[in-house]
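Worksheet for the structure shown next.
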Amino acid sequence: MSIEANANGVERRTELRHYAEGEIKFWPEALAFRTIPGRLADLSGEGFRARHGCQELGPGQFVRFQHAGAEGRARVVWTRIVGERVESGFRIVGPAPTRTA
């Protein structure tokens with residue numbers, strides 16, 4: 001399990017994360033709900049980490065998400081880009097909003 005720490009090396013997580021795998025889909029609100037596929041890396045009661053290919057997905061943005069165990073709305077907390085690999089941490093903020101016609 002990777003540990004995220006601030007610049008002083010102090011752990012910021014309040015919940016233990018558990019390894020997870022499987023597909024996840026995102027619909028970023030800032031990107032006109034474009035579908036972005038990804039892979040789960042870990043889960044906690046408050047959030048999750050996922051790998052995907054969207055370099056435009058950055059901190060503060062909101063997404064709808066869906067994976068085998070849950071669906072809802074989350075805020076991007078951080079994004080790390082190394083070459084073509086993109087990984088983001090998300091904090092779950094509630095159920096997915098309903099869309100009306």
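Each chain of the structure tokens is named A, B, ... in the order shown, its residues numbered from 1; ligands are numbered from 1 in display order.
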
Env of A:Arg64: 12 Å cut, atoms = only C-alpha atoms, seq-sep filter 3 positions within chain, self excluded. Answer as a PDB file with N, CA, C and O atoms, in the first residue's frame.
ATOM      1  N   ILE A  24     -13.298   0.925 -13.514  1.00  0.00           N
ATOM      2  CA  ILE A  24     -14.061   2.057 -12.991  1.00  0.00           C
ATOM      3  C   ILE A  24     -14.296   3.002 -14.160  1.00  0.00           C
ATOM      4  O   ILE A  24     -13.475   3.067 -15.085  1.00  0.00           O
ATOM      5  N   LYS A  25     -15.422   3.674 -14.152  1.00  0.00           N
ATOM      6  CA  LYS A  25     -15.725   4.690 -15.163  1.00  0.00           C
ATOM      7  C   LYS A  25     -15.968   6.005 -14.458  1.00  0.00           C
ATOM      8  O   LYS A  25     -16.578   6.046 -13.388  1.00  0.00           O
ATOM      9  N   PHE A  26     -15.472   7.090 -15.077  1.00  0.00           N
ATOM     10  CA  PHE A  26     -15.672   8.449 -14.564  1.00  0.00           C
ATOM     11  C   PHE A  26     -16.410   9.274 -15.595  1.00  0.00           C
ATOM     12  O   PHE A  26     -16.211   9.100 -16.794  1.00  0.00           O
ATOM     13  N   TRP A  27     -17.192  10.217 -15.113  1.00  0.00           N
ATOM     14  CA  TRP A  27     -17.829  11.217 -15.958  1.00  0.00           C
ATOM     15  C   TRP A  27     -17.532  12.569 -15.324  1.00  0.00           C
ATOM     16  O   TRP A  27     -18.266  13.042 -14.455  1.00  0.00           O
ATOM     17  N   PRO A  28     -16.422  13.215 -15.712  1.00  0.00           N
ATOM     18  CA  PRO A  28     -16.050  14.507 -15.110  1.00  0.00           C
ATOM     19  C   PRO A  28     -17.055  15.602 -15.456  1.00  0.00           C
ATOM     20  O   PRO A  28     -17.385  15.811 -16.626  1.00  0.00           O
ATOM     21  N   GLU A  29     -17.516  16.317 -14.454  1.00  0.00           N
ATOM     22  CA  GLU A  29     -18.468  17.402 -14.679  1.00  0.00           C
ATOM     23  C   GLU A  29     -17.845  18.515 -15.508  1.00  0.00           C
ATOM     24  O   GLU A  29     -18.507  19.109 -16.347  1.00  0.00           O
ATOM     25  N   ALA A  30     -16.551  18.793 -15.320  1.00  0.00           N
ATOM     26  CA  ALA A  30     -15.879  19.877 -16.040  1.00  0.00           C
ATOM     27  C   ALA A  30     -15.569  19.519 -17.493  1.00  0.00           C
ATOM     28  O   ALA A  30     -15.211  20.388 -18.275  1.00  0.00           O
ATOM     29  N   LEU A  31     -15.685  18.261 -17.852  1.00  0.00           N
ATOM     30  CA  LEU A  31     -15.371  17.825 -19.218  1.00  0.00           C
ATOM     31  C   LEU A  31     -16.623  17.339 -19.932  1.00  0.00           C
ATOM     32  O   LEU A  31     -16.589  16.383 -20.701  1.00  0.00           O
ATOM     33  N   ALA A  32     -17.732  17.984 -19.675  1.00  0.00           N
ATOM     34  CA  ALA A  32     -19.016  17.706 -20.336  1.00  0.00           C
ATOM     35  C   ALA A  32     -19.405  16.233 -20.203  1.00  0.00           C
ATOM     36  O   ALA A  32     -19.945  15.641 -21.120  1.00  0.00           O
ATOM     37  N   PHE A  33     -19.100  15.641 -19.049  1.00  0.00           N
ATOM     38  CA  PHE A  33     -19.483  14.268 -18.750  1.00  0.00           C
ATOM     39  C   PHE A  33     -18.942  13.259 -19.760  1.00  0.00           C
ATOM     40  O   PHE A  33     -19.558  12.260 -20.052  1.00  0.00           O
ATOM     41  N   ARG A  34     -17.755  13.530 -20.312  1.00  0.00           N
ATOM     42  CA  ARG A  34     -17.062  12.571 -21.175  1.00  0.00           C
ATOM     43  C   ARG A  34     -16.747  11.323 -20.352  1.00  0.00           C
ATOM     44  O   ARG A  34     -16.331  11.413 -19.206  1.00  0.00           O
ATOM     45  N   THR A  35     -16.934  10.142 -20.920  1.00  0.00           N
ATOM     46  CA  THR A  35     -16.643   8.904 -20.208  1.00  0.00           C
ATOM     47  C   THR A  35     -15.147   8.615 -20.228  1.00  0.00           C
ATOM     48  O   THR A  35     -14.521   8.620 -21.279  1.00  0.00           O
ATOM     49  N   ILE A  36     -14.583   8.369 -19.043  1.00  0.00           N
ATOM     50  CA  ILE A  36     -13.165   8.051 -18.905  1.00  0.00           C
ATOM     51  C   ILE A  36     -13.054   6.697 -18.209  1.00  0.00           C
ATOM     52  O   ILE A  36     -13.468   6.561 -17.058  1.00  0.00           O
ATOM     53  N   PRO A  37     -12.524   5.685 -18.889  1.00  0.00           N
ATOM     54  CA  PRO A  37     -12.331   4.390 -18.236  1.00  0.00           C
ATOM     55  C   PRO A  37     -11.064   4.394 -17.391  1.00  0.00           C
ATOM     56  O   PRO A  37     -10.122   5.145 -17.662  1.00  0.00           O
ATOM     57  N   GLN A  61     -11.789  19.070  -9.196  1.00  0.00           N
ATOM     58  CA  GLN A  61     -12.853  18.717 -10.133  1.00  0.00           C
ATOM     59  C   GLN A  61     -13.754  17.647  -9.525  1.00  0.00           C
ATOM     60  O   GLN A  61     -13.323  16.839  -8.705  1.00  0.00           O
ATOM     61  N   HIS A  67     -18.178   1.730 -10.281  1.00  0.00           N
ATOM     62  CA  HIS A  67     -17.387   0.502 -10.339  1.00  0.00           C
ATOM     63  C   HIS A  67     -18.248  -0.611  -9.765  1.00  0.00           C
ATOM     64  O   HIS A  67     -19.393  -0.374  -9.353  1.00  0.00           O
ATOM     65  N   ALA A  70     -19.684   0.209  -6.145  1.00  0.00           N
ATOM     66  CA  ALA A  70     -20.353   1.455  -5.767  1.00  0.00           C
ATOM     67  C   ALA A  70     -20.468   2.402  -6.953  1.00  0.00           C
ATOM     68  O   ALA A  70     -19.821   2.221  -7.985  1.00  0.00           O
ATOM     69  N   GLU A  71     -21.276   3.401  -6.758  1.00  0.00           N
ATOM     70  CA  GLU A  71     -21.350   4.518  -7.697  1.00  0.00           C
ATOM     71  C   GLU A  71     -21.692   5.750  -6.892  1.00  0.00           C
ATOM     72  O   GLU A  71     -22.225   5.675  -5.790  1.00  0.00           O
ATOM     73  N   GLY A  72     -21.343   6.909  -7.430  1.00  0.00           N
ATOM     74  CA  GLY A  72     -21.617   8.141  -6.711  1.00  0.00           C
ATOM     75  C   GLY A  72     -20.907   9.323  -7.315  1.00  0.00           C
ATOM     76  O   GLY A  72     -20.575   9.333  -8.501  1.00  0.00           O
ATOM     77  N   ARG A  73     -20.655  10.310  -6.476  1.00  0.00           N
ATOM     78  CA  ARG A  73     -19.988  11.547  -6.885  1.00  0.00           C
ATOM     79  C   ARG A  73     -18.753  11.702  -6.009  1.00  0.00           C
ATOM     80  O   ARG A  73     -18.782  11.434  -4.805  1.00  0.00           O
ATOM     81  N   ALA A  74     -17.639  12.134  -6.632  1.00  0.00           N
ATOM     82  CA  ALA A  74     -16.386  12.296  -5.896  1.00  0.00           C
ATOM     83  C   ALA A  74     -15.659  13.543  -6.367  1.00  0.00           C
ATOM     84  O   ALA A  74     -15.907  14.043  -7.468  1.00  0.00           O
ATOM     85  N   ARG A  75     -14.752  14.028  -5.500  1.00  0.00           N
ATOM     86  CA  ARG A  75     -13.904  15.170  -5.837  1.00  0.00           C
ATOM     87  C   ARG A  75     -12.482  14.657  -5.999  1.00  0.00           C
ATOM     88  O   ARG A  75     -11.996  13.861  -5.204  1.00  0.00           O
ATOM     89  N   VAL A  76     -11.802  15.134  -7.035  1.00  0.00           N
ATOM     90  CA  VAL A  76     -10.400  14.778  -7.241  1.00  0.00           C
ATOM     91  C   VAL A  76      -9.578  15.521  -6.191  1.00  0.00           C
ATOM     92  O   VAL A  76      -9.648  16.739  -6.085  1.00  0.00           O
ATOM     93  N   PHE A  90      -9.355  10.205  -5.024  1.00  0.00           N
ATOM     94  CA  PHE A  90     -10.705  10.774  -5.001  1.00  0.00           C
ATOM     95  C   PHE A  90     -11.305  10.661  -3.612  1.00  0.00           C
ATOM     96  O   PHE A  90     -11.120   9.667  -2.922  1.00  0.00           O
ATOM     97  N   ARG A  91     -12.053  11.672  -3.219  1.00  0.00           N
ATOM     98  CA  ARG A  91     -12.821  11.635  -1.970  1.00  0.00           C
ATOM     99  C   ARG A  91     -14.296  11.600  -2.349  1.00  0.00           C
ATOM    100  O   ARG A  91     -14.784  12.468  -3.082  1.00  0.00           O
ATOM    101  N   ILE A  92     -15.007  10.604  -1.864  1.00  0.00           N
ATOM    102  CA  ILE A  92     -16.427  10.453  -2.177  1.00  0.00           C
ATOM    103  C   ILE A  92     -17.205  11.549  -1.450  1.00  0.00           C
ATOM    104  O   ILE A  92     -17.016  11.762  -0.250  1.00  0.00           O
ATOM    105  N   VAL A  93     -18.064  12.251  -2.197  1.00  0.00           N
ATOM    106  CA  VAL A  93     -18.824  13.356  -1.602  1.00  0.00           C
ATOM    107  C   VAL A  93     -20.322  13.083  -1.571  1.00  0.00           C
ATOM    108  O   VAL A  93     -21.070  13.873  -1.007  1.00  0.00           O
ATOM    109  N   GLY A  94     -20.781  11.987  -2.175  1.00  0.00           N
ATOM    110  CA  GLY A  94     -22.202  11.671  -2.114  1.00  0.00           C
ATOM    111  C   GLY A  94     -22.650  10.810  -3.259  1.00  0.00           C
ATOM    112  O   GLY A  94     -21.859  10.352  -4.080  1.00  0.00           O
ATOM    113  N   PRO A  95     -23.954  10.595  -3.312  1.00  0.00           N
ATOM    114  CA  PRO A  95     -24.507   9.800  -4.415  1.00  0.00           C
ATOM    115  C   PRO A  95     -24.405  10.571  -5.731  1.00  0.00           C
ATOM    116  O   PRO A  95     -24.249  11.794  -5.733  1.00  0.00           O
ATOM    117  N   ALA A  96     -24.486   9.850  -6.819  1.00  0.00           N
ATOM    118  CA  ALA A  96     -24.451  10.499  -8.138  1.00  0.00           C
ATOM    119  C   ALA A  96     -25.685  11.374  -8.296  1.00  0.00           C
ATOM    120  O   ALA A  96     -26.795  10.960  -7.955  1.00  0.00           O
ATOM    121  N   PRO A  97     -25.512  12.608  -8.789  1.00  0.00           N
ATOM    122  CA  PRO A  97     -26.683  13.471  -9.017  1.00  0.00           C
ATOM    123  C   PRO A  97     -27.541  12.901 -10.133  1.00  0.00           C
ATOM    124  O   PRO A  97     -27.030  12.291 -11.067  1.00  0.00           O
ATOM    125  N   THR A  98     -28.834  13.077 -10.025  1.00  0.00           N
ATOM    126  CA  THR A  98     -29.720  12.628 -11.084  1.00  0.00           C
ATOM    127  C   THR A  98     -29.757  13.673 -12.166  1.00  0.00           C
ATOM    128  O   THR A  98     -29.714  14.885 -11.889  1.00  0.00           O
ATOM    129  N   ARG A  99     -29.780  13.220 -13.399  1.00  0.00           N
ATOM    130  CA  ARG A  99     -29.834  14.137 -14.535  1.00  0.00           C
ATOM    131  C   ARG A  99     -31.253  14.171 -15.060  1.00  0.00           C
ATOM    132  O   ARG A  99     -31.868  13.150 -15.279  1.00  0.00           O
TER     133      ARG A  99
END

Distance of atom CA of A:Arg85 from atom CA of A:Leu43, expressed in Å to one decimal place: 19.3 Å

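Distance check against A:Gln66 using only C-alpha atoms: of A:Tyr19, A:Ala50, A:Val82, A:Glu87, the minimum falls on A:Ala50.
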
Run DSSP on the backbone and give me the residues of stretch 4-86 of chain A it puts in strand (DSSP E or B), as a PyMOL selection string. chain A and resi 5+11+18-19+23-28+36-43+47-52+62-67+70-82+85-86

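Proximity ranking of A:Glu21, A:Gly69, A:Gly58, A:Thr79 relative to A:Gly45 places A:Gly69 first, based on only C-alpha atoms.
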
Write out as a PyMOL selection string the residues lying within 7 Å of A:Trp78, counting only C-alpha atoms and excluding same-chain residues fewer than 5 positions away. chain A and resi 58-59+88-89

For A:His18, please output as a CSV table (one decimal) with N, CA and C atoms, in the first residue's frame all residues within 9 Å (counting only C-alpha atoms; exclusion window: fewer than 6 positions along the same chain).
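Saved file out10.csv follows:
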chain,number,residue,atom,x,y,z
A,1,MET,N,0.9,-1.2,0.0
A,1,MET,CA,0.0,0.0,0.0
A,1,MET,C,0.9,1.2,0.0
A,41,ALA,N,-7.2,1.1,-7.8
A,41,ALA,CA,-5.9,0.7,-7.2
A,41,ALA,C,-6.2,0.4,-5.7
A,42,ASP,N,-7.0,1.2,-5.0
A,42,ASP,CA,-7.3,0.9,-3.6
A,42,ASP,C,-8.6,1.7,-3.3
A,43,LEU,N,-9.2,1.3,-2.1
A,43,LEU,CA,-10.5,1.8,-1.6
A,43,LEU,C,-10.4,2.1,-0.1
A,44,SER,N,-11.2,3.0,0.3
A,44,SER,CA,-11.4,3.2,1.8
A,44,SER,C,-12.9,3.6,1.9

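Using only C-alpha atoms, the shortest contact distance between A:Arg39 and any of A:Val77, A:Ala20, A:Cys54, A:Val63 is found at A:Ala20.
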
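Atom CA of A:Leu16 is found 28.1 Å from atom CA of A:Glu84.
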